[in-house]
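Chemist: My structure file entry.txt, compact mmCIF, C-alpha atoms (C1' of nucleotides), is below:
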# COMPACT_ATOMS: atom_id res chain seq x y z
CA MET M 1 184.77 140.86 64.67
CA PRO M 2 182.35 142.48 62.22
CA ASP M 3 182.54 146.25 61.69
CA ALA M 4 179.61 148.65 61.82
CA ASP M 5 178.71 148.15 58.17
CA GLU M 6 178.59 144.41 58.50
CA LEU M 7 176.50 144.68 61.63
CA SER M 8 174.10 146.95 59.77
CA GLU M 9 173.82 144.34 57.05
CA PHE M 10 173.02 141.71 59.65
CA LEU M 11 170.19 143.91 60.89
CA ARG M 12 168.84 144.60 57.43
CA GLY M 13 169.13 140.92 56.61
CA SER M 14 166.71 140.24 59.43
CA ASP M 15 164.32 143.00 58.32
CA LEU M 16 165.24 145.17 61.24
CA ARG M 17 165.73 148.90 61.08
CA VAL M 18 169.28 150.05 61.52
CA THR M 19 169.51 152.30 64.54
CA ARG M 20 172.56 153.39 66.41
CA PRO M 21 171.54 151.72 69.66
CA ARG M 22 171.01 148.42 67.87
CA VAL M 23 174.33 148.56 66.07
CA ALA M 24 176.09 149.48 69.29
CA VAL M 25 174.36 146.71 71.24
CA LEU M 26 175.12 144.12 68.58
CA SER M 27 178.71 145.26 68.49
CA ALA M 28 178.98 145.03 72.26
CA VAL M 29 177.60 141.49 72.27
CA TYR M 30 180.26 140.51 69.71
CA GLU M 31 182.97 142.13 71.79
CA LEU M 32 181.86 140.82 75.16
CA PRO M 33 180.58 137.26 74.93
CA HIS M 34 178.38 136.14 77.84
CA ALA M 35 178.09 139.67 79.17
CA SER M 36 175.15 140.68 81.33
CA THR M 37 172.74 143.43 80.40
CA ASP M 38 174.31 146.04 82.64
CA VAL M 39 177.81 145.28 81.37
CA LEU M 40 176.51 145.67 77.84
CA LEU M 41 174.77 148.89 78.83
CA GLU M 42 178.05 150.31 80.10
CA ALA M 43 179.85 149.18 76.97
CA VAL M 44 177.24 150.77 74.75
CA ARG M 45 177.45 154.02 76.71
CA THR M 46 181.15 154.41 76.04
CA GLU M 47 180.07 154.97 72.46
CA LEU M 48 176.56 156.40 72.88
CA PRO M 49 176.65 158.06 76.30
CA ASP M 50 172.96 158.88 76.37
CA VAL M 51 171.25 155.63 75.46
CA SER M 52 168.55 154.65 77.86
CA HIS M 53 168.66 151.30 79.53
CA GLN M 54 165.28 150.64 77.96
CA ALA M 55 166.75 151.00 74.48
CA VAL M 56 169.34 148.40 75.37
CA TYR M 57 166.71 146.04 76.76
CA ASP M 58 164.56 146.53 73.66
CA SER M 59 167.49 146.00 71.32
CA LEU M 60 168.53 142.85 73.12
CA HIS M 61 165.00 141.48 72.88
CA THR M 62 164.67 142.38 69.23
CA LEU M 63 168.05 140.96 68.31
CA THR M 64 167.29 137.81 70.25
CA ALA M 65 163.91 137.39 68.57
CA ALA M 66 165.59 137.83 65.19
CA GLY M 67 168.13 135.16 66.06
CA LEU M 68 171.10 137.50 65.69
CA ILE M 69 172.12 136.94 69.28
CA ARG M 70 171.30 134.34 71.85
CA ARG M 71 170.15 134.86 75.38
CA ILE M 72 171.30 132.52 78.10
CA GLN M 73 170.27 132.62 81.71
CA PRO M 74 171.84 130.06 84.00
CA SER M 75 170.28 129.45 87.41
CA GLY M 76 171.01 132.23 89.81
CA SER M 77 172.36 134.55 87.15
CA VAL M 78 171.01 137.53 85.31
CA ALA M 79 170.45 137.25 81.58
CA ARG M 80 173.55 137.06 79.40
CA TYR M 81 173.98 137.33 75.67
CA GLU M 82 176.30 135.94 73.03
CA SER M 83 176.73 136.29 69.29
CA ARG M 84 177.37 132.63 68.48
CA THR M 85 174.01 131.31 67.36
CA GLY M 86 172.74 128.33 65.50
CA ASP M 87 175.75 126.13 66.12
CA ASN M 88 174.33 124.16 69.00
CA HIS M 89 177.16 124.84 71.38
CA HIS M 90 176.90 124.68 75.13
CA HIS M 91 178.40 126.29 78.20
CA VAL M 92 180.54 125.45 81.15
CA ILE M 93 180.01 127.70 84.14
CA CYS M 94 182.13 128.19 87.24
CA ARG M 95 180.10 127.82 90.41
CA HIS M 96 182.44 130.13 92.28
CA CYS M 97 183.04 133.13 90.03
CA GLY M 98 180.31 132.65 87.46
CA SER M 99 182.63 132.77 84.47
CA ILE M 100 181.33 131.09 81.34
CA ALA M 101 183.14 129.34 78.51
CA ASP M 102 181.81 127.81 75.32
CA VAL M 103 181.97 124.09 74.76
CA ASP M 104 181.12 122.31 71.57
CA CYS M 105 178.93 119.28 71.48
CA ALA M 106 180.61 116.19 72.82
CA VAL M 107 178.46 113.65 71.05
CA GLY M 108 177.89 114.46 67.41
CA GLU M 109 175.56 117.18 66.28
CA THR M 110 172.59 117.01 68.58
CA PRO M 111 173.58 115.16 71.70
CA CYS M 112 170.86 114.02 74.00
CA LEU M 113 168.20 115.42 71.72
CA THR M 114 166.39 112.14 72.01
CA ALA M 115 165.17 111.87 75.54
CA MET M 116 164.53 108.43 76.93
CA ASP M 117 160.87 109.16 77.55
CA ASP M 118 159.75 112.49 76.17
CA HIS M 119 156.28 112.40 77.80
CA GLY M 120 154.75 113.28 74.44
CA PHE M 121 156.66 116.54 74.20
CA THR M 122 157.96 117.71 70.85
CA ILE M 123 161.55 118.59 71.62
CA ASP M 124 163.29 121.23 69.52
CA GLU M 125 166.36 122.07 71.57
CA ALA M 126 168.59 120.44 74.13
CA GLU M 127 170.37 122.96 76.31
CA VAL M 128 173.34 121.63 78.22
CA ILE M 129 175.04 123.47 81.05
CA TYR M 130 178.17 122.01 82.60
CA TRP M 131 178.72 123.15 86.16
CA GLY M 132 182.13 123.10 87.73
CA THR M 133 185.15 125.10 88.79
CA CYS M 134 187.26 127.22 86.48
CA PRO M 135 191.08 126.99 86.45
CA THR M 136 191.50 130.30 88.24
CA CYS M 137 189.17 129.37 91.07
CA SER M 138 190.73 125.91 91.31
CA ASN M 139 194.11 127.49 91.97
CA HIS M 140 192.65 129.94 94.42
CA LEU M 141 190.93 127.25 96.44
CA SER M 142 193.82 124.82 96.65
CA MET V 1 154.93 109.95 99.51
CA PRO V 2 156.68 110.14 102.91
CA ASP V 3 154.64 111.05 105.97
CA ALA V 4 155.54 113.66 108.57
CA ASP V 5 157.64 111.26 110.62
CA GLU V 6 159.70 110.20 107.67
CA LEU V 7 160.19 113.80 106.64
CA SER V 8 161.37 114.59 110.15
CA GLU V 9 163.86 111.77 109.88
CA PHE V 10 165.14 113.18 106.61
CA LEU V 11 165.72 116.50 108.35
CA ARG V 12 167.47 114.94 111.33
CA GLY V 13 169.52 112.81 108.98
CA SER V 14 170.89 116.01 107.50
CA ASP V 15 171.58 117.54 110.92
CA LEU V 16 168.76 120.00 110.54
CA ARG V 17 166.40 121.01 113.27
CA VAL V 18 162.89 119.75 112.84
CA THR V 19 160.54 122.69 112.65
CA ARG V 20 156.97 122.79 111.47
CA PRO V 21 157.68 125.13 108.59
CA ARG V 22 160.46 122.89 107.33
CA VAL V 23 158.37 119.75 107.52
CA ALA V 24 155.50 121.47 105.77
CA VAL V 25 157.76 122.86 103.05
CA LEU V 26 159.43 119.52 102.48
CA SER V 27 156.04 117.84 102.33
CA ALA V 28 154.79 120.41 99.81
CA VAL V 29 157.80 119.87 97.58
CA TYR V 30 157.08 116.14 97.59
CA GLU V 31 153.44 116.74 96.76
CA LEU V 32 153.99 119.38 94.09
CA PRO V 33 157.01 118.61 91.96
CA HIS V 34 158.43 121.58 90.03
CA ALA V 35 156.28 124.04 91.96
CA SER V 36 157.33 127.66 92.29
CA THR V 37 157.96 129.34 95.61
CA ASP V 38 154.59 131.08 95.76
CA VAL V 39 152.70 127.89 94.91
CA LEU V 40 154.61 126.17 97.70
CA LEU V 41 153.87 129.06 100.02
CA GLU V 42 150.15 128.69 99.37
CA ALA V 43 150.35 124.94 99.87
CA VAL V 44 152.20 125.35 103.15
CA ARG V 45 149.63 127.88 104.35
CA THR V 46 146.76 125.45 103.95
CA GLU V 47 148.41 123.61 106.82
CA LEU V 48 150.21 126.40 108.65
CA PRO V 49 148.16 129.50 107.85
CA ASP V 50 150.53 131.95 109.50
CA VAL V 51 153.92 131.05 108.12
CA SER V 52 155.80 133.98 106.75
CA HIS V 53 157.04 133.90 103.21
CA GLN V 54 160.51 134.38 104.60
CA ALA V 55 160.28 131.13 106.55
CA VAL V 56 159.43 129.35 103.32
CA TYR V 57 162.33 130.98 101.50
CA ASP V 58 164.68 130.10 104.34
CA SER V 59 163.43 126.53 104.49
CA LEU V 60 163.81 126.09 100.75
CA HIS V 61 167.36 127.39 100.91
CA THR V 62 168.26 125.22 103.86
CA LEU V 63 166.73 122.10 102.36
CA THR V 64 168.44 122.81 99.07
CA ALA V 65 171.81 123.30 100.75
CA ALA V 66 171.32 120.01 102.60
CA GLY V 67 170.54 118.24 99.34
CA LEU V 68 167.07 117.17 100.45
CA ILE V 69 165.47 119.05 97.59
CA ARG V 70 166.75 120.45 94.34
CA ARG V 71 166.26 123.91 92.98
CA ILE V 72 165.82 124.42 89.26
CA GLN V 73 165.45 127.70 87.49
CA PRO V 74 164.96 127.56 83.73
CA SER V 75 165.43 130.71 81.70
CA GLY V 76 162.57 133.11 82.12
CA SER V 77 161.09 131.25 85.04
CA VAL V 78 161.04 131.76 88.76
CA ALA V 79 162.78 129.23 90.98
CA ARG V 80 161.18 125.81 91.20
CA TYR V 81 161.84 122.89 93.51
CA GLU V 82 161.63 119.12 93.36
CA SER V 83 162.25 116.24 95.72
CA ARG V 84 164.02 113.92 93.29
CA THR V 85 167.69 114.46 93.98
CA GLY V 86 170.89 112.68 93.22
CA ASP V 87 169.58 110.59 90.36
CA ASN V 88 170.91 112.77 87.56
CA HIS V 89 167.60 113.24 85.81
CA HIS V 90 166.76 116.12 83.55
CA HIS V 91 163.77 118.17 82.48
CA VAL V 92 161.70 118.85 79.43
CA ILE V 93 159.94 122.20 79.47
CA CYS V 94 157.09 123.48 77.34
CA ARG V 95 157.92 126.83 75.76
CA HIS V 96 154.25 127.76 75.67
CA CYS V 97 152.80 126.90 79.06
CA GLY V 98 155.98 126.34 81.07
CA SER V 99 155.01 122.89 82.26
CA ILE V 100 157.89 120.66 83.28
CA ALA V 101 158.31 116.90 83.15
CA ASP V 102 161.16 114.69 84.32
CA VAL V 103 163.25 112.80 81.83
CA ASP V 104 165.87 110.23 82.63
CA CYS V 105 169.25 110.26 81.02
CA ALA V 106 169.19 109.27 77.40
CA VAL V 107 172.79 108.19 77.13
CA GLY V 108 173.91 106.04 80.01
CA GLU V 109 174.53 107.45 83.43
CA THR V 110 176.22 110.75 82.83
CA PRO V 111 175.51 111.92 79.33
CA CYS V 112 177.66 114.65 77.93
CA LEU V 113 179.57 114.87 81.17
CA THR V 114 182.75 114.82 79.14
CA ALA V 115 182.85 118.06 77.25
CA MET V 116 184.87 118.16 74.07
CA ASP V 117 187.11 120.90 75.39
CA ASP V 118 186.54 121.74 79.02
CA HIS V 119 188.82 124.82 79.02
CA GLY V 120 190.49 123.49 82.15
CA PHE V 121 187.26 123.48 84.14
CA THR V 122 186.59 120.72 86.64
CA ILE V 123 183.10 119.63 85.71
CA ASP V 124 180.89 118.11 88.40
CA GLU V 125 177.43 118.25 86.85
CA ALA V 126 175.84 118.31 83.44
CA GLU V 127 172.42 119.91 83.47
CA VAL V 128 170.26 119.21 80.45
CA ILE V 129 167.07 121.08 79.63
CA TYR V 130 164.99 119.93 76.71
CA TRP V 131 162.85 122.69 75.25
CA GLY V 132 159.76 121.93 73.26
CA THR V 133 156.00 121.77 73.22
CA CYS V 134 153.89 119.67 75.56
CA PRO V 135 151.09 117.43 74.29
CA THR V 136 148.37 119.76 75.53
CA CYS V 137 149.84 122.81 73.82
CA SER V 138 150.49 120.80 70.66
CA ASN V 139 146.79 119.99 70.43
CA HIS V 140 145.81 123.54 71.19
CA LEU V 141 148.04 124.96 68.49
CA SER V 142 147.08 122.56 65.70
C1' DC B 1 163.62 122.68 132.91
C1' DC B 2 166.69 126.33 131.65
C1' DC B 3 170.12 128.19 128.42
C1' DT B 4 172.16 128.61 124.09
C1' DT B 5 171.71 128.45 119.38
C1' DT B 6 169.08 128.49 115.51
C1' DT B 7 164.97 129.68 113.22
C1' DC B 8 160.85 132.52 112.35
C1' DT B 9 158.19 136.95 112.02
C1' DG B 10 157.20 141.33 110.04
C1' DG B 11 158.33 144.79 107.34
C1' DA B 12 161.43 147.36 104.65
C1' DA B 13 164.47 147.24 100.84
C1' DC B 14 166.72 145.75 96.53
C1' DG B 15 167.49 144.87 91.63
C1' DA B 16 166.45 143.03 87.14
C1' DG B 17 163.20 143.70 84.15
C1' DT B 18 158.68 145.71 82.29
C1' DC B 19 155.01 149.19 81.14
C1' DA B 20 153.31 153.34 79.09
C1' DA B 21 152.97 157.90 76.72
C1' DG B 22 155.03 161.12 74.15
C1' DA B 23 159.36 162.57 71.42
C1' DA B 24 162.60 161.24 67.97
C1' DA B 25 164.43 158.83 64.23
C1' DA B 26 164.42 155.51 60.23
C1' DT B 27 162.35 153.90 56.06
C1' DG B 28 159.43 154.24 51.65
C1' DA B 29 156.86 157.11 48.53
C1' DT B 30 155.95 161.37 46.52
C1' DA C 1 165.52 165.62 48.79
C1' DT C 2 161.39 166.05 51.67
C1' DC C 3 157.27 164.35 53.82
C1' DA C 4 154.36 161.03 55.96
C1' DT C 5 154.15 156.75 58.22
C1' DT C 6 155.81 153.48 61.07
C1' DT C 7 158.90 151.96 64.30
C1' DT C 8 162.00 152.94 67.91
C1' DC C 9 163.87 155.65 71.84
C1' DT C 10 163.44 158.45 76.17
C1' DT C 11 161.84 159.20 80.65
C1' DG C 12 160.24 157.75 84.73
C1' DA C 13 157.22 155.07 87.29
C1' DC C 14 156.32 150.53 88.61
C1' DT C 15 156.11 145.26 89.33
C1' DC C 16 157.62 141.08 91.22
C1' DG C 17 160.72 137.66 93.07
C1' DT C 18 163.91 137.67 96.34
C1' DT C 19 166.89 139.27 100.16
C1' DC C 20 168.11 141.94 104.41
C1' DC C 21 167.47 143.14 109.09
C1' DA C 22 166.28 143.25 114.11
C1' DG C 23 163.72 141.43 117.46
C1' DA C 24 160.64 137.44 119.03
C1' DA C 25 159.99 132.57 119.24
C1' DA C 26 161.09 127.87 119.26
C1' DA C 27 164.20 123.65 119.12
C1' DG C 28 167.59 120.74 121.28
C1' DG C 29 171.54 119.87 124.59
C1' DG C 30 173.06 120.06 129.45
How does this structure look as structure tokens?

Modeler:
Amino acid sequence: MPDADELSEFLRGSDLRVTRPRVAVLSAVYELPHASTDVLLEAVRTELPDVSHQAVYDSLHTLTAAGLIRRIQPSGSVARYESRTGDNHHHVICRHCGSIADVDCAVGETPCLTAMDDHGFTIDEAEVIYWGTCPTCSNHLS
Amino acid sequence: MPDADELSEFLRGSDLRVTRPRVAVLSAVYELPHASTDVLLEAVRTELPDVSHQAVYDSLHTLTAAGLIRRIQPSGSVARYESRTGDNHHHVICRHCGSIADVDCAVGETPCLTAMDDHGFTIDEAEVIYWGTCPTCSNHLS
DNA sequence: CCCTTTTCTGGAACGAGTCAAGAAAATGAT
DNA sequence: ATCATTTTCTTGACTCGTTCCAGAAAAGGG
């Protein structure tokens, strides 16, 4: 869990200005993986009570564009963010409660990156989402 | 491309009442794969000019719940629907224009269905989205 | 053919996200 | 350090896809 100085360095390393909202947002994304925007907004406001939601949206967009965080948006969900980037990991999502866990690639480094027939597309990413039921919901349902 | 009678049979086969909006919606989804709700609404209205948008939303939900059509919703896109169901195919999406094409499984029948560490989840579906650039946009950009 | 159940209409409402203009803050140069 | 420039943040309105609701209409079984 990087501290504020490290987070600032991450920002500077991406040629981004270091502002308190950005540091707070980045910190929140590290603390709360797969959190939605409004959860992150609340988290940020425990530290900076007066940030606007717009500042959080802007920061999330900027950080995403810089590659410091990753945005994921499964079907039927609002946007969520995580700090693990660039390692080609995927997600398993519970259909019942919406909880998300990370899963590493099953098949080598870039599984399925070669589609059978790519229709002439140039493919640069294969996003895999596993849908299922989490342990908690399994117990609850049985 | 099934005709109205066949579509009606599909509905009855799923224990759904046969209504004109439903037949028209189902027909539109067959005609326009990966179309968004409002495109489907327009298509339906060429045949049934007075359908409400709510009827189309309801029909899409009902047909999706019955498994007659499939709903897909890539990040940053509105909901889209297709008539190919149950064959475990995936999609390749153009980052620039949003166009979608079907791709069959690259690796056998259920690629990646076995996650490396499933965190105790019971996985029932692996959804793969290939992101890239379509031929048209490739030409345009070069 | 009528009755019950389900579906459709019309319109209001919701929520995540975006837009826009001016105020504030962060960087780079003096 | 301070100032000027550039970028970012605040405030508040607004958009758009989607959902909610109550009453009207239509489908299918008896």

Chemist: Report as CSV the residues of chain C within 10 Å of chain V, each with its shortest atom pair and distance in Å (one decimal), using all atoms listed in the file, ordered by chain and increasing residue number.

Modeler:
residue,atom,partner,partner_atom,distance
C:DG17,C1',V:Val78,CA,7.3
C:DT18,C1',V:Tyr57,CA,8.6
C:DT19,C1',V:Gln54,CA,9.2
C:DA26,C1',V:Thr19,CA,8.4
C:DA27,C1',V:Arg17,CA,6.8
C:DG28,C1',V:Arg17,CA,8.1

Chemist: For the selection you just gave me, I'd like the residues written to a file as an mmCIF file, in the coordinates of the input, keeping C-alpha atoms (C1' of nucleotides).

Modeler:
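So result05.cif came out as:
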data_model
loop_
_atom_site.group_PDB
_atom_site.id
_atom_site.type_symbol
_atom_site.label_atom_id
_atom_site.label_comp_id
_atom_site.auth_asym_id
_atom_site.auth_seq_id
_atom_site.Cartn_x
_atom_site.Cartn_y
_atom_site.Cartn_z
ATOM 1 C "C1'" DG C 17 160.720 137.660 93.070
ATOM 2 C "C1'" DT C 18 163.910 137.670 96.340
ATOM 3 C "C1'" DT C 19 166.890 139.270 100.160
ATOM 4 C "C1'" DA C 26 161.090 127.870 119.260
ATOM 5 C "C1'" DA C 27 164.200 123.650 119.120
ATOM 6 C "C1'" DG C 28 167.590 120.740 121.280
#

Chemist: Could you list, as number ranges by chain, every residue of chain B that has an atom within 8 Å of an atom of chain M, counting all atoms listed in the file?

Modeler: B: 16, 26-27

Chemist: What residues in chain V have any atom no more than 6 Å from chain M when counting all atoms listed in the file, and can you write them as a ChimeraX atom specification?

Modeler: /V:73,75,106,115-116,120-135

Chemist: Using all atoms listed in the file, which of B:DT9, B:DT4, B:DT30, B:DT18 sits nearest DA13 in chain C?

Modeler: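 Under the stated criterion, the closest residue is B:DT18.
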
Chemist: What does the distance between CA of Thr46 in chain M and CA of Val29 in chain M come to in Å, to one decimal place?

Modeler: 13.9 Å

Chemist: I'd like the interatomic distance between C1' of DG15 in chain B and CA of Tyr81 in chain M, to a tenth of an Å.

Modeler: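 One can read the C1' of DG15 in chain B to CA of Tyr81 in chain M distance as 18.8 Å.
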
Chemist: Do you have the CA of Asp5 in chain V-CA of Glu31 in chain V distance handy?

Modeler: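 Computing it gives 15.5 Å between the two atoms.
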
Chemist: So which residues touch Ser14 in chain M within 12 Å, counting all atoms listed in the file, skipping near sequence neighbours fewer than 6 positions away, as a PyMOL selection string?

Modeler: chain M and resi 7-8+62-69

Chemist: Got a sec: who's within 8 Å of range 4-9 of chain C, counting only C-alpha atoms (C1' of nucleotides), leaving out chain neighbours fewer than 5 positions off, as an mmCIF file with C-alpha atoms (C1' of nucleotides), in the coordinates of the input?

Modeler:
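Final file, part_12.cif:
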data_model
loop_
_atom_site.group_PDB
_atom_site.id
_atom_site.type_symbol
_atom_site.label_atom_id
_atom_site.label_comp_id
_atom_site.auth_asym_id
_atom_site.auth_seq_id
_atom_site.Cartn_x
_atom_site.Cartn_y
_atom_site.Cartn_z
ATOM 1 C CA SER M 52 168.550 154.650 77.860
ATOM 2 C CA ALA M 55 166.750 151.000 74.480
ATOM 3 C "C1'" DA B 24 162.600 161.240 67.970
ATOM 4 C "C1'" DA B 25 164.430 158.830 64.230
ATOM 5 C "C1'" DA B 26 164.420 155.510 60.230
#

Chemist: First collect every listed atom of range 5-19 of chain C; then fit an axis-aligned box around them, widen it by 6 Å on each side, and give centre and edge lengths in Å to one decimal, as lines of an AutoDock Vina configuration file.

Modeler:
center_x = 160.5
center_y = 148.4
center_z = 79.2
size_x = 24.7
size_y = 33.5
size_z = 53.9

Chemist: Using the atoms already present, construct N, CA and C atoms for range 62-86 of chain M and hand them back as a short mmCIF file (atom, residue, chain, number, x, y, z; two decimals), in the coordinates of the input.

Modeler:
data_model
loop_
_atom_site.label_atom_id
_atom_site.label_comp_id
_atom_site.auth_asym_id
_atom_site.auth_seq_id
_atom_site.Cartn_x
_atom_site.Cartn_y
_atom_site.Cartn_z
N THR M 62 164.89 142.43 70.68
CA THR M 62 164.67 142.38 69.23
C THR M 62 165.72 141.51 68.55
N LEU M 63 166.97 141.74 68.92
CA LEU M 63 168.05 140.96 68.31
C LEU M 63 167.92 139.48 68.65
N THR M 64 167.49 139.20 69.87
CA THR M 64 167.29 137.81 70.25
C THR M 64 166.16 137.18 69.45
N ALA M 65 165.05 137.92 69.32
CA ALA M 65 163.91 137.39 68.57
C ALA M 65 164.29 137.15 67.12
N ALA M 66 165.17 137.98 66.58
CA ALA M 66 165.59 137.83 65.19
C ALA M 66 166.63 136.72 65.04
N GLY M 67 167.14 136.23 66.13
CA GLY M 67 168.13 135.16 66.06
C GLY M 67 169.55 135.66 65.81
N LEU M 68 169.76 136.97 65.91
CA LEU M 68 171.10 137.50 65.69
C LEU M 68 171.98 137.30 66.91
N ILE M 69 171.37 137.25 68.06
CA ILE M 69 172.12 136.94 69.28
C ILE M 69 171.32 135.90 70.06
N ARG M 70 171.97 135.35 71.05
CA ARG M 70 171.30 134.34 71.85
C ARG M 70 171.34 134.75 73.31
N ARG M 71 170.25 134.54 73.97
CA ARG M 71 170.15 134.86 75.38
C ARG M 71 170.35 133.60 76.19
N ILE M 72 171.17 133.65 77.20
CA ILE M 72 171.30 132.52 78.10
C ILE M 72 171.10 133.03 79.52
N GLN M 73 170.54 132.20 80.33
CA GLN M 73 170.27 132.62 81.71
C GLN M 73 170.42 131.43 82.65
N PRO M 74 171.64 131.18 83.09
CA PRO M 74 171.84 130.06 84.00
C PRO M 74 171.20 130.35 85.36
N SER M 75 170.86 129.30 86.08
CA SER M 75 170.28 129.45 87.41
C SER M 75 171.08 130.43 88.24
N GLY M 76 170.36 131.31 88.89
CA GLY M 76 171.01 132.23 89.81
C GLY M 76 171.81 133.32 89.15
N SER M 77 171.63 133.49 87.85
CA SER M 77 172.36 134.55 87.15
C SER M 77 171.38 135.46 86.44
N VAL M 78 171.82 136.65 86.15
CA VAL M 78 171.01 137.53 85.31
C VAL M 78 171.16 137.07 83.87
N ALA M 79 170.39 137.64 82.99
CA ALA M 79 170.45 137.25 81.58
C ALA M 79 171.79 137.65 80.97
N ARG M 80 172.30 136.80 80.10
CA ARG M 80 173.55 137.06 79.40
C ARG M 80 173.33 136.80 77.93
N TYR M 81 174.19 137.42 77.11
CA TYR M 81 173.98 137.33 75.67
C TYR M 81 175.28 136.97 74.96
N GLU M 82 175.13 136.31 73.82
CA GLU M 82 176.30 135.94 73.03
C GLU M 82 175.94 136.01 71.56
N SER M 83 176.97 136.13 70.72
CA SER M 83 176.73 136.29 69.29
C SER M 83 176.81 134.98 68.53
N ARG M 84 177.35 133.93 69.14
CA ARG M 84 177.37 132.63 68.48
C ARG M 84 175.97 132.05 68.52
N THR M 85 175.36 131.88 67.38
CA THR M 85 174.01 131.31 67.36
C THR M 85 173.96 130.19 66.34
N GLY M 86 173.02 129.34 66.52
CA GLY M 86 172.74 128.33 65.50
C GLY M 86 173.78 127.24 65.35
#
